[in-house]
>>> print(open('model25.cif').read())   # mmCIF, C-alpha atoms
data_model
#
loop_
_atom_site.label_atom_id
_atom_site.label_comp_id
_atom_site.auth_asym_id
_atom_site.auth_seq_id
_atom_site.Cartn_x
_atom_site.Cartn_y
_atom_site.Cartn_z
CA MET D 4 -38.24 -26.84 -28.76
CA PHE D 5 -39.63 -23.32 -29.14
CA LEU D 6 -39.06 -22.57 -25.45
CA ASP D 7 -35.53 -23.97 -25.68
CA ASN D 8 -34.78 -21.56 -28.50
CA ILE D 9 -36.20 -18.63 -26.50
CA TYR D 10 -33.98 -19.55 -23.53
CA LEU D 11 -30.93 -19.75 -25.77
CA ILE D 12 -31.74 -16.36 -27.29
CA LEU D 13 -32.23 -14.82 -23.84
CA ILE D 14 -28.94 -16.27 -22.60
CA GLY D 15 -27.21 -14.97 -25.73
CA VAL D 16 -28.69 -11.50 -25.24
CA LEU D 17 -27.60 -11.48 -21.58
CA ILE D 18 -24.05 -12.52 -22.48
CA ILE D 19 -23.83 -9.90 -25.23
CA GLY D 20 -25.29 -7.29 -22.86
CA PHE D 21 -22.79 -8.18 -20.17
CA PHE D 22 -19.81 -7.83 -22.48
CA LEU D 23 -21.14 -4.57 -23.93
CA TYR D 24 -21.45 -3.25 -20.39
CA TYR D 25 -17.92 -4.48 -19.62
CA ILE D 26 -16.48 -2.80 -22.73
CA VAL D 27 -18.35 0.48 -22.28
CA ASP D 28 -18.36 0.92 -18.50
CA VAL D 29 -15.62 -1.26 -16.99
CA ILE D 30 -12.63 -0.93 -19.31
CA GLU D 31 -11.14 2.53 -18.81
CA PHE D 32 -8.20 4.84 -19.13
CA PRO D 33 -6.97 5.72 -15.62
CA VAL D 34 -7.58 9.36 -14.70
CA LEU D 35 -4.24 11.09 -14.09
CA ARG D 36 -3.86 14.25 -12.03
CA PHE D 37 -0.49 15.91 -11.73
CA ASN D 38 1.39 19.16 -11.65
CA ASP D 39 2.64 19.62 -15.18
CA SER D 40 6.43 19.33 -15.22
CA GLU D 41 9.12 17.82 -17.41
CA PHE D 42 9.63 15.07 -14.83
CA SER D 43 5.95 14.07 -14.73
CA SER D 44 5.58 14.23 -18.50
CA ASN D 45 8.60 11.98 -19.03
CA ILE D 46 7.45 9.47 -16.44
CA ILE D 47 3.91 9.30 -17.82
CA SER D 48 5.08 8.80 -21.40
CA ASP D 49 7.51 6.05 -20.31
CA THR D 50 5.05 4.15 -18.09
CA PRO D 51 2.66 2.17 -20.34
CA ARG D 52 0.00 1.42 -17.71
CA LEU D 53 -0.50 5.13 -17.09
CA THR D 54 -1.57 5.73 -20.70
CA ASN D 55 -3.12 2.38 -21.70
CA ARG D 56 -6.56 1.08 -20.80
CA TYR D 57 -7.02 -0.73 -17.52
CA LYS D 58 -9.04 -3.90 -18.19
CA PRO D 59 -10.30 -5.31 -14.88
CA THR D 60 -10.86 -9.06 -14.79
CA PHE D 61 -14.24 -9.54 -16.52
CA TRP D 62 -15.42 -12.22 -14.08
CA CYS D 63 -14.24 -10.34 -11.00
CA PHE D 64 -14.59 -6.57 -11.39
CA ASN D 65 -17.02 -6.06 -8.50
CA GLN D 66 -15.34 -4.38 -5.51
CA HIS D 67 -16.37 -7.07 -3.02
CA LEU D 68 -15.48 -9.97 -5.32
CA MET D 69 -12.03 -8.46 -5.90
CA LEU D 70 -11.45 -8.09 -2.18
CA PHE D 71 -12.67 -11.62 -1.47
CA LEU D 72 -10.41 -13.05 -4.18
CA LEU D 73 -7.45 -11.09 -2.80
CA MET D 74 -7.98 -12.42 0.74
CA PHE D 75 -8.64 -15.95 -0.51
CA ARG D 76 -5.41 -16.01 -2.50
CA GLU D 77 -3.40 -14.62 0.41
CA SER D 78 -4.72 -17.35 2.69
CA ARG D 79 -4.05 -20.16 0.20
CA SER D 80 -0.79 -19.17 -1.47
CA LYS D 81 2.64 -20.39 -0.43
CA LEU D 82 4.86 -18.31 1.82
CA PHE D 83 7.41 -16.17 0.00
CA PRO D 84 10.96 -17.43 0.69
CA TYR D 85 12.86 -14.41 2.00
CA ASP D 86 16.66 -14.69 2.17
CA LYS D 87 16.92 -13.22 5.62
CA ILE D 88 14.78 -11.64 8.35
CA GLU D 89 16.65 -9.29 10.67
CA TYR D 90 15.43 -8.21 14.09
CA LEU D 91 16.41 -4.64 14.91
CA GLU D 92 16.47 -3.25 18.42
CA MET D 93 15.14 0.30 18.52
CA LYS D 94 16.58 3.00 20.77
CA ASP D 95 13.74 2.62 23.29
CA GLY D 96 14.11 -1.17 23.50
CA GLY D 97 11.34 -2.03 21.05
CA THR D 98 11.91 -4.44 18.15
CA THR D 99 11.22 -4.11 14.43
CA GLY D 100 12.26 -6.26 11.50
CA LEU D 101 13.61 -6.25 7.95
CA ALA D 102 12.76 -9.06 5.53
CA TRP D 103 15.24 -9.23 2.66
CA SER D 104 15.01 -10.74 -0.81
CA GLY D 105 18.06 -10.54 -3.09
CA LEU D 106 20.49 -9.38 -0.41
CA ASP D 107 22.68 -12.47 -0.57
CA THR D 108 23.38 -12.07 -4.30
CA ALA D 109 23.52 -8.27 -4.34
CA ASN D 110 26.24 -6.48 -6.23
CA GLN D 111 27.51 -3.95 -3.72
CA LYS D 112 28.98 -1.69 -6.38
CA ASP D 113 26.16 -1.25 -8.89
CA LYS D 114 23.50 1.42 -8.43
CA THR D 115 20.36 -0.58 -9.11
CA PRO D 116 17.62 0.36 -6.63
CA ILE D 117 16.50 -1.22 -3.39
CA VAL D 118 12.70 -1.32 -3.16
CA VAL D 119 11.53 -0.79 0.43
CA VAL D 120 8.02 -2.13 1.04
CA PHE D 121 5.59 -1.15 3.83
CA HIS D 122 2.95 -3.75 4.71
CA THR D 123 -0.73 -3.43 5.61
CA ILE D 124 -2.41 -2.57 8.91
CA SER D 125 -2.32 -6.09 10.37
CA GLY D 126 0.11 -7.67 7.94
CA ASP D 127 3.75 -8.56 7.74
CA GLU D 128 6.32 -9.56 5.11
CA GLN D 129 3.94 -12.17 3.68
CA ASP D 130 0.82 -10.13 2.96
CA ILE D 131 2.72 -8.00 0.41
CA LYS D 132 4.52 -10.95 -1.21
CA SER D 133 2.82 -10.26 -4.55
CA ILE D 134 4.67 -6.99 -5.17
CA VAL D 135 7.90 -8.39 -3.67
CA SER D 136 7.77 -11.38 -6.02
CA HIS D 137 6.97 -9.22 -9.05
CA ILE D 138 9.89 -6.82 -8.45
CA ARG D 139 12.30 -9.69 -7.87
CA LYS D 140 11.24 -11.70 -10.92
CA THR D 141 10.85 -8.78 -13.31
CA TYR D 142 13.73 -6.48 -12.37
CA ASN D 143 15.96 -8.56 -10.10
CA TRP D 144 16.27 -5.61 -7.71
CA ILE D 145 16.78 -6.06 -3.98
CA VAL D 146 13.54 -5.84 -1.99
CA VAL D 147 13.28 -5.29 1.75
CA VAL D 148 10.10 -5.19 3.82
CA CYS D 149 10.03 -2.96 6.89
CA ILE D 150 8.14 -4.95 9.54
CA ARG D 151 6.54 -2.87 12.28
CA ARG D 152 6.44 -3.59 16.02
CA GLY D 153 4.14 -6.42 17.02
CA HIS D 154 3.60 -7.62 13.44
CA GLY D 155 4.33 -11.08 12.09
CA ASN D 156 6.79 -13.01 14.24
CA ILE D 157 8.56 -9.92 15.56
CA PRO D 158 8.73 -10.19 19.38
CA LEU D 159 7.00 -7.38 21.25
CA THR D 160 9.85 -6.40 23.56
CA LYS D 161 8.11 -3.22 24.70
CA PRO D 162 4.31 -2.84 25.11
CA ILE D 163 3.90 -0.16 22.45
CA ILE D 164 2.11 -0.66 19.14
CA ASN D 165 1.00 1.79 16.48
CA THR D 166 -0.99 0.17 13.67
CA MET D 167 0.16 3.00 11.37
CA GLY D 168 3.79 2.55 12.32
CA SER D 169 6.33 4.98 13.70
CA THR D 170 8.52 7.29 11.62
CA SER D 171 11.08 7.17 14.42
CA ASP D 172 11.35 3.39 14.01
CA LEU D 173 11.36 3.77 10.23
CA LYS D 174 14.30 6.16 10.31
CA GLU D 175 16.30 3.61 12.29
CA GLN D 176 15.37 0.90 9.77
CA LEU D 177 16.35 3.10 6.82
CA ASN D 178 19.64 4.04 8.45
CA HIS D 179 20.39 0.34 8.85
CA ILE D 180 19.56 -0.33 5.18
CA ARG D 181 21.69 2.61 4.06
CA LYS D 182 24.61 1.43 6.21
CA LEU D 183 24.50 -2.04 4.61
CA LEU D 184 24.14 -0.77 1.04
CA PRO D 185 25.23 2.88 0.90
CA ASN D 186 25.44 3.33 -2.88
CA LYS D 187 22.01 2.18 -3.99
CA PRO D 188 18.98 4.46 -4.44
CA LEU D 189 15.92 3.65 -2.36
CA PHE D 190 12.42 3.36 -3.79
CA GLY D 191 9.53 3.07 -1.31
CA VAL D 192 6.11 1.49 -1.78
CA GLY D 193 3.38 1.54 0.84
CA ILE D 194 0.37 -0.77 0.61
CA SER D 195 -2.83 0.41 2.33
CA ALA D 196 -1.84 1.45 5.90
CA GLY D 197 1.78 1.10 4.83
CA SER D 198 1.21 4.04 2.49
CA GLY D 199 0.25 6.13 5.53
CA LEU D 200 3.58 5.46 7.22
CA LEU D 201 5.43 6.15 3.97
CA ALA D 202 3.58 9.44 3.38
CA ARG D 203 4.09 10.53 6.98
CA TYR D 204 7.83 9.91 6.66
CA LEU D 205 8.05 11.69 3.28
CA GLY D 206 6.22 14.72 4.66
CA GLU D 207 8.29 14.93 7.83
CA ALA D 208 11.56 14.45 5.93
CA GLY D 209 10.75 16.84 3.08
CA SER D 210 13.85 17.42 0.96
CA LYS D 211 15.90 15.20 3.31
CA SER D 212 13.95 12.07 2.41
CA MET D 213 16.11 9.00 1.78
CA PHE D 214 13.84 7.88 -1.04
CA SER D 215 14.42 8.74 -4.69
CA ALA D 216 10.80 7.87 -5.55
CA ALA D 217 7.76 6.35 -3.85
CA VAL D 218 4.36 4.76 -4.53
CA ALA D 219 1.31 4.83 -2.26
CA VAL D 220 -1.37 2.22 -3.02
CA SER D 221 -4.89 2.79 -1.65
CA PRO D 222 -3.97 5.46 0.91
CA ALA D 223 -6.64 6.81 3.28
CA TYR D 224 -5.20 10.37 3.56
CA ASP D 225 -6.76 11.82 6.74
CA ILE D 226 -6.82 8.75 8.99
CA GLU D 227 -8.78 10.52 11.74
CA LYS D 228 -11.73 10.71 9.34
CA ALA D 229 -11.01 7.78 7.03
CA PHE D 230 -11.19 4.95 9.56
CA HIS D 231 -14.75 5.99 10.40
CA ARG D 232 -15.76 5.86 6.73
CA VAL D 233 -14.84 2.22 6.12
CA HIS D 234 -17.76 0.12 4.87
CA PRO D 235 -19.62 -0.96 8.08
CA VAL D 236 -19.19 -4.69 7.46
CA TYR D 237 -15.46 -4.38 6.82
CA SER D 238 -15.07 -1.96 9.72
CA LYS D 239 -16.57 -4.47 12.13
CA ILE D 240 -14.45 -7.33 10.75
CA MET D 241 -11.28 -5.25 10.84
CA GLY D 242 -12.03 -4.00 14.36
CA GLN D 243 -12.16 -7.60 15.58
CA ARG D 244 -9.05 -8.37 13.57
CA MET D 245 -7.19 -5.58 15.40
CA ILE D 246 -8.25 -7.01 18.77
CA GLY D 247 -7.14 -10.52 17.89
CA TYR D 248 -3.95 -9.62 16.05
CA PHE D 249 -2.57 -7.06 18.48
CA LEU D 250 -4.23 -7.38 21.88
CA LYS D 251 -4.97 -11.08 22.24
CA ARG D 252 -1.80 -12.20 20.50
CA HIS D 253 0.30 -9.95 22.77
CA TYR D 254 -1.98 -10.08 25.79
CA LYS D 255 0.82 -10.75 28.27
CA SER D 256 2.56 -7.56 27.17
CA PHE D 257 -0.59 -5.42 27.41
CA ALA D 258 -2.32 -7.05 30.39
CA ASN D 259 -1.20 -4.35 32.80
CA VAL D 260 -1.36 -1.42 30.38
CA LYS D 261 -4.12 1.05 31.22
CA GLY D 262 -6.76 1.18 28.49
CA THR D 263 -6.29 -2.37 27.18
CA GLU D 264 -9.60 -3.64 28.58
CA GLU D 265 -11.45 -0.76 26.93
CA LEU D 266 -9.80 -1.52 23.59
CA LEU D 267 -10.92 -5.14 23.86
CA LYS D 268 -14.54 -3.94 23.78
CA VAL D 269 -14.45 -1.85 20.60
CA LYS D 270 -16.86 -2.68 17.76
CA SER D 271 -15.27 -1.02 14.73
CA LEU D 272 -11.95 -0.09 13.15
CA GLY D 273 -12.57 3.63 13.68
CA GLU D 274 -13.27 3.11 17.37
CA PHE D 275 -10.11 1.01 17.73
CA GLN D 276 -7.96 3.73 16.13
CA ASP D 277 -9.51 6.45 18.27
CA LYS D 278 -8.52 4.55 21.41
CA LEU D 279 -5.18 3.25 20.16
CA HIS D 280 -3.24 5.99 21.98
CA THR D 281 -3.51 3.96 25.19
CA ILE D 282 -1.11 1.31 23.82
CA SER D 283 0.90 3.43 21.40
CA GLY D 284 2.66 5.71 23.84
CA PHE D 285 0.50 8.85 23.55
CA LYS D 286 -1.41 10.64 26.29
CA ASP D 287 -4.62 11.12 24.31
CA LYS D 288 -6.33 10.71 20.93
CA GLU D 289 -5.35 14.20 19.78
CA SER D 290 -1.64 13.70 20.34
CA TYR D 291 -1.79 10.28 18.65
CA TYR D 292 -3.28 11.68 15.46
CA GLN D 293 -1.02 14.73 15.61
CA LYS D 294 2.05 12.47 15.42
CA SER D 295 0.63 9.72 13.18
CA ASN D 296 -1.77 11.29 10.68
CA PRO D 297 -0.04 11.58 7.25
CA ILE D 298 -2.38 14.29 6.00
CA LEU D 299 -0.93 16.84 8.44
CA VAL D 300 2.46 16.80 6.68
CA ALA D 301 1.58 15.53 3.19
CA ASN D 302 1.89 18.93 1.54
CA GLN D 303 5.58 18.98 2.55
CA ILE D 304 6.44 15.93 0.43
CA LYS D 305 9.32 16.59 -1.98
CA THR D 306 10.01 13.03 -3.17
CA PRO D 307 8.56 12.02 -6.58
CA LEU D 308 5.40 10.12 -5.72
CA LEU D 309 2.80 7.98 -7.51
CA VAL D 310 -0.53 7.66 -5.68
CA LEU D 311 -3.09 5.03 -6.69
CA ASN D 312 -6.75 4.92 -5.63
CA ALA D 313 -9.86 3.12 -6.87
CA ALA D 314 -13.20 4.93 -6.67
CA ASP D 315 -14.95 1.71 -5.58
CA ASP D 316 -12.62 1.07 -2.63
CA PRO D 317 -14.84 0.03 0.33
CA ILE D 318 -12.07 0.57 2.90
CA CYS D 319 -10.25 3.73 1.81
CA VAL D 320 -13.37 5.25 0.29
CA ASN D 321 -13.55 7.67 -2.61
CA GLN D 322 -14.65 10.57 -0.38
CA ASN D 323 -11.15 10.54 1.11
CA VAL D 324 -9.66 11.01 -2.35
CA LEU D 325 -12.02 13.76 -3.48
CA GLU D 326 -11.37 15.81 -0.34
CA ASN D 327 -7.64 15.84 -1.06
CA LEU D 328 -7.43 16.45 -4.79
CA HIS D 329 -6.88 20.17 -4.24
CA TRP D 330 -3.36 19.62 -2.91
CA LEU D 331 -2.58 16.38 -4.75
CA GLU D 332 -2.88 18.18 -8.08
CA THR D 333 -0.40 20.86 -7.06
CA LEU D 334 2.24 18.73 -5.32
CA LYS D 335 5.35 18.81 -7.48
CA ASN D 336 6.40 15.54 -9.15
CA THR D 337 3.33 13.74 -7.77
CA ILE D 338 1.08 11.75 -10.10
CA HIS D 339 -2.33 10.66 -8.84
CA VAL D 340 -3.84 7.67 -10.62
CA HIS D 341 -7.60 7.24 -10.19
CA THR D 342 -9.50 4.21 -11.49
CA LYS D 343 -13.23 3.48 -11.30
CA ARG D 344 -12.56 -0.09 -10.19
CA GLY D 345 -9.86 -1.97 -8.32
CA SER D 346 -11.38 -2.28 -4.84
CA HIS D 347 -8.85 -2.08 -1.99
CA ILE D 348 -5.28 -2.82 -3.17
CA ALA D 349 -6.58 -5.59 -5.49
CA PHE D 350 -6.61 -4.03 -9.00
CA PHE D 351 -6.93 -7.34 -10.85
CA GLU D 352 -6.66 -7.52 -14.63
CA GLY D 353 -6.87 -10.20 -17.32
CA PHE D 354 -8.53 -13.61 -17.35
CA PHE D 355 -6.26 -14.98 -14.62
CA ALA D 356 -6.73 -11.92 -12.37
CA LYS D 357 -3.13 -10.76 -12.21
CA SER D 358 -2.24 -7.61 -10.30
CA TRP D 359 -2.37 -4.51 -12.49
CA SER D 360 -1.03 -2.38 -9.63
CA ASP D 361 2.07 -4.54 -9.14
CA ARG D 362 2.96 -4.03 -12.80
CA LEU D 363 2.22 -0.31 -12.59
CA ILE D 364 4.52 0.03 -9.57
CA GLY D 365 7.32 -1.80 -11.36
CA GLU D 366 6.92 0.26 -14.55
CA TYR D 367 6.88 3.52 -12.59
CA PHE D 368 10.05 2.71 -10.66
CA PHE D 369 11.76 1.50 -13.83
CA SER D 370 10.85 4.78 -15.59
CA VAL D 371 12.13 6.84 -12.64
CA PHE D 372 15.34 4.82 -12.46
CA ASN D 373 15.99 5.33 -16.18
CA LEU D 374 15.28 9.05 -15.89
CA LEU D 375 17.55 9.46 -12.87
CA SER D 376 20.29 7.54 -14.67
CA LYS D 377 19.88 9.55 -17.86
CA TYR D 378 20.16 12.94 -16.21
CA LYS D 379 22.43 11.78 -13.39
CA ILE D 380 20.11 13.31 -10.86
CA SER D 381 20.90 12.50 -7.22
CA GLN D 382 19.83 8.95 -6.45
CA THR D 383 20.47 9.06 -2.73
CA GLY D 384 17.17 10.64 -1.76
CA ASN D 385 18.25 14.30 -1.85
CA HIS D 386 16.11 16.29 -4.26
#
>>> encode(input="model25.cif", output="C-alpha cells")
Amino acid sequence: MFLDNIYLILIGVLIIGFFLYYIVDVIEFPVLRFNDSEFSSNIISDTPRLTNRYKPTFWCFNQHLMLFLLMFRESRSKLFPYDKIEYLEMKDGGTTGLAWSGLDTANQKDKTPIVVVFHTISGDEQDIKSIVSHIRKTYNWIVVVCIRRGHGNIPLTKPIINTMGSTSDLKEQLNHIRKLLPNKPLFGVGISAGSGLLARYLGEAGSKSMFSAAVAVSPAYDIEKAFHRVHPVYSKIMGQRMIGYFLKRHYKSFANVKGTEELLKVKSLGEFQDKLHTISGFKDKESYYQKSNPILVANQIKTPLLVLNAADDPICVNQNVLENLHWLETLKNTIHVHTKRGSHIAFFEGFFAKSWSDRLIGEYFFSVFNLLSKYKISQTGNH
C-alpha cells in the first residue's frame, strides 16, 4: 500500500511537472517582426492570432510528432471534392492544372477574393486540402490550386519538371484565372515549396504583382543552401520521394533525357535539387538556381506579405530564418511570424490538433480584405 501511494505521488508530480512545463515553455505569444507602418499596425490589431497566445496541442507539440501526425492525417483523410480541375497547355507545350472550389456558385459581380494556393514540393491539390477546406467553410471565398507540371494527375506532355515550379507557367495560370474572373482580388498562399514559387513570382513582378496580399508558410528562403540543411533523416526520405514521384512515375518521359540516370542515384534532397537542372530545362546548377531561387528577388517584393516559420522546423530549419531577418524586418508591409513550435507546416493547436496556421491565414486575408475595402485601395494587385 505504501509503495502504491509513492507511485501515485510520483505520477502526480510528473503530470503536474509536465503541465507546468507546457504552460511556461510551450504556450507562447508569436514573435512578430515588421516594418512599422499604418498598414501593418492595422492588420496586426485586426488579426487575433497575431496577438493572442499560440497553444500547441499538449499531447503533440514535439516537432517530429507534429510532422508524423500531419503525414498520417493526409494519408488517411478523404479526398477534397473540387468542383473542377482544368488542364492548361503552356506556350511550350507543357501542361499545368487548376483545381477549383466554389467556381460553379461564384458571383461574377461581387469583389470577394479568390485565394490561390500553391502546393508542396511533391504534392498536388489534395495535400493542401486543409487550408482549402478552411477558407471555403469559413469565408465561402473561391479557392483555386495551381498544380505544377508533373504533379498529381497532370499529364507530363513535355519532359521538363521543376520541383519549385516555374514563374512563367504561373503567369499563364494567373492570366487564365484573371480572364475568367476579372473583378475579384487575388490572395496567394504558398505552403512549404509552394511558398518559394509564390515569393519568386512576387519578387520578379514587384509592383506589377497580380496579388493583393500573400502568405508564405514554412518557406526555406535561400533554396541553394536550405535543401542541404534539412534534417538528415527527412532529407534521405524526401530524396527517395523525389525519385519515385518524379522520375519513376514519369520514367517514359525522362528515359532518354541526359542526366536522368544520375538523378536516380542521389541519396538526399539537397543532392537531388543540385542535379535537377538536367530535367528542368537549364544548362547547369548555377543557371537553375539563378532562375528558381526566391531569395535572389525577395527584396523586390511589393505585395503585402505574411511569412510564418517555426523555430523547430526540421525541414526548413531555423538557421534559414535567422540569416534573412535583416531584410525581412525592413520589407514594407511584410509581417514575419516566428513561433518556437509548429514543426513543418503543421502548427497544431487545441486538444483535437486543429491547424493554427490555417486559421491565421484566414484571419490575415480577412483583415486585409476589410482594410482594402475600407480605404478602397486597389484590389487588382497593383500597389
>>> resolve_selection(input="model25.cif", expression="the PyMOL selection byres ((chain D and resi 346-354) around 6)", output="ChimeraX atom specification")
/D:58-60,66,221,313,315-316,344-345,355-360
>>> atom_distance(input="model25.cif", atom1="CA of Glu366 in chain D", atom2="CA of Thr50 in chain D")
5.6 Å
>>> resolve_selection(input="model25.cif", expression="the PyMOL selection byres ((chain D and resi 157-161) around 8)", output="PDB file with C-alpha atoms, keeping the file's coordinate frame")
ATOM      1  CA  TYR D  90      15.430  -8.210  14.090  1.00  0.00           C
ATOM      2  CA  GLY D  96      14.110  -1.170  23.500  1.00  0.00           C
ATOM      3  CA  GLY D  97      11.340  -2.030  21.050  1.00  0.00           C
ATOM      4  CA  THR D  98      11.910  -4.440  18.150  1.00  0.00           C
ATOM      5  CA  THR D  99      11.220  -4.110  14.430  1.00  0.00           C
ATOM      6  CA  GLY D 100      12.260  -6.260  11.500  1.00  0.00           C
ATOM      7  CA  ILE D 150       8.140  -4.950   9.540  1.00  0.00           C
ATOM      8  CA  ARG D 152       6.440  -3.590  16.020  1.00  0.00           C
ATOM      9  CA  GLY D 153       4.140  -6.420  17.020  1.00  0.00           C
ATOM     10  CA  HIS D 154       3.600  -7.620  13.440  1.00  0.00           C
ATOM     11  CA  GLY D 155       4.330 -11.080  12.090  1.00  0.00           C
ATOM     12  CA  ASN D 156       6.790 -13.010  14.240  1.00  0.00           C
ATOM     13  CA  PRO D 162       4.310  -2.840  25.110  1.00  0.00           C
ATOM     14  CA  ILE D 163       3.900  -0.160  22.450  1.00  0.00           C
ATOM     15  CA  HIS D 253       0.300  -9.950  22.770  1.00  0.00           C
ATOM     16  CA  SER D 256       2.560  -7.560  27.170  1.00  0.00           C
TER      17      SER D 256
END
>>> residues_around(input="model25.cif", residues="range 27-38 of chain D", least_positions_apart="6", cutoff="8 Å", atoms="only C-alpha atoms", output="MDAnalysis selection string")
chainID D and resid 53:59 64 331:344
>>> write_last_selection(input="model25.cif", atoms="C-alpha atoms", output="mmCIF file, in the frame of the given file")
data_model
loop_
_atom_site.group_PDB
_atom_site.id
_atom_site.type_symbol
_atom_site.label_atom_id
_atom_site.label_comp_id
_atom_site.auth_asym_id
_atom_site.auth_seq_id
_atom_site.Cartn_x
_atom_site.Cartn_y
_atom_site.Cartn_z
ATOM 1 C CA LEU D 53 -0.500 5.130 -17.090
ATOM 2 C CA THR D 54 -1.570 5.730 -20.700
ATOM 3 C CA ASN D 55 -3.120 2.380 -21.700
ATOM 4 C CA ARG D 56 -6.560 1.080 -20.800
ATOM 5 C CA TYR D 57 -7.020 -0.730 -17.520
ATOM 6 C CA LYS D 58 -9.040 -3.900 -18.190
ATOM 7 C CA PRO D 59 -10.300 -5.310 -14.880
ATOM 8 C CA PHE D 64 -14.590 -6.570 -11.390
ATOM 9 C CA LEU D 331 -2.580 16.380 -4.750
ATOM 10 C CA GLU D 332 -2.880 18.180 -8.080
ATOM 11 C CA THR D 333 -0.400 20.860 -7.060
ATOM 12 C CA LEU D 334 2.240 18.730 -5.320
ATOM 13 C CA LYS D 335 5.350 18.810 -7.480
ATOM 14 C CA ASN D 336 6.400 15.540 -9.150
ATOM 15 C CA THR D 337 3.330 13.740 -7.770
ATOM 16 C CA ILE D 338 1.080 11.750 -10.100
ATOM 17 C CA HIS D 339 -2.330 10.660 -8.840
ATOM 18 C CA VAL D 340 -3.840 7.670 -10.620
ATOM 19 C CA HIS D 341 -7.600 7.240 -10.190
ATOM 20 C CA THR D 342 -9.500 4.210 -11.490
ATOM 21 C CA LYS D 343 -13.230 3.480 -11.300
ATOM 22 C CA ARG D 344 -12.560 -0.090 -10.190
#
>>> residues_near_point(input="model25.cif", point="(3.4, -6.1, -5.8)", cutoff="8 Å", atoms="only C-alpha atoms", output="list of chain:residue names")
D:Ile131, D:Lys132, D:Ser133, D:Ile134, D:Val135, D:Ser136, D:His137, D:Ile138, D:Ser358, D:Ser360, D:Asp361, D:Arg362, D:Ile364
>>> atom_distance(input="model25.cif", atom1="CA of Leu299 in chain D", atom2="CA of Ile226 in chain D")
10.0 Å
>>> closest_residue(input="model25.cif", among="D:Val371, D:Leu82, D:Ile304, D:Leu68", to="Leu189 in chain D", atoms="only C-alpha atoms")
D:Val371
>>> closest_residue(input="model25.cif", among="D:Ser43, D:Ser295, D:Ser198, D:Ser290", to="Leu311 in chain D", atoms="all atoms listed in the file")
D:Ser198
>>> atom_distance(input="model25.cif", atom1="CA of Lys81 in chain D", atom2="CA of Glu128 in chain D")
12.7 Å
>>> closest_residue(input="model25.cif", among="D:Lys140, D:His67, D:Lys114, D:Lys211", to="Thr306 in chain D", atoms="only C-alpha atoms")
D:Lys211
>>> axis_aligned_box(input="model25.cif", around="range 329-340 of chain D", padding_each_side="5 Å", output="AutoDock Vina command-line options")
--center_x -0.2 --center_y 14.3 --center_z -6.8 --size_x 23.3 --size_y 23.2 --size_z 17.7
>>> resolve_selection(input="model25.cif", expression="the PyMOL selection byres ((chain D and resi 200-209) around 8)", output="short mmCIF file (atom, residue, chain, number, x, y, z; two decimals) with C-alpha atoms, in the coordinates of the input")
data_model
loop_
_atom_site.label_atom_id
_atom_site.label_comp_id
_atom_site.auth_asym_id
_atom_site.auth_seq_id
_atom_site.Cartn_x
_atom_site.Cartn_y
_atom_site.Cartn_z
CA PHE D 121 5.59 -1.15 3.83
CA MET D 167 0.16 3.00 11.37
CA GLY D 168 3.79 2.55 12.32
CA SER D 169 6.33 4.98 13.70
CA THR D 170 8.52 7.29 11.62
CA LEU D 173 11.36 3.77 10.23
CA GLY D 191 9.53 3.07 -1.31
CA VAL D 192 6.11 1.49 -1.78
CA GLY D 193 3.38 1.54 0.84
CA ALA D 196 -1.84 1.45 5.90
CA GLY D 197 1.78 1.10 4.83
CA SER D 198 1.21 4.04 2.49
CA GLY D 199 0.25 6.13 5.53
CA SER D 210 13.85 17.42 0.96
CA LYS D 211 15.90 15.20 3.31
CA SER D 212 13.95 12.07 2.41
CA ALA D 219 1.31 4.83 -2.26
CA SER D 295 0.63 9.72 13.18
CA ASN D 296 -1.77 11.29 10.68
CA PRO D 297 -0.04 11.58 7.25
CA ILE D 298 -2.38 14.29 6.00
CA VAL D 300 2.46 16.80 6.68
CA ALA D 301 1.58 15.53 3.19
CA ASN D 302 1.89 18.93 1.54
CA GLN D 303 5.58 18.98 2.55
CA ILE D 304 6.44 15.93 0.43
CA LYS D 305 9.32 16.59 -1.98
CA THR D 306 10.01 13.03 -3.17
#
>>> residues_around(input="model25.cif", residues="Asn186 in chain D", least_positions_apart="5", cutoff="8 Å", atoms="all atoms listed in the file", output="PyMOL selection string")
chain D and resi 111-114+181+383
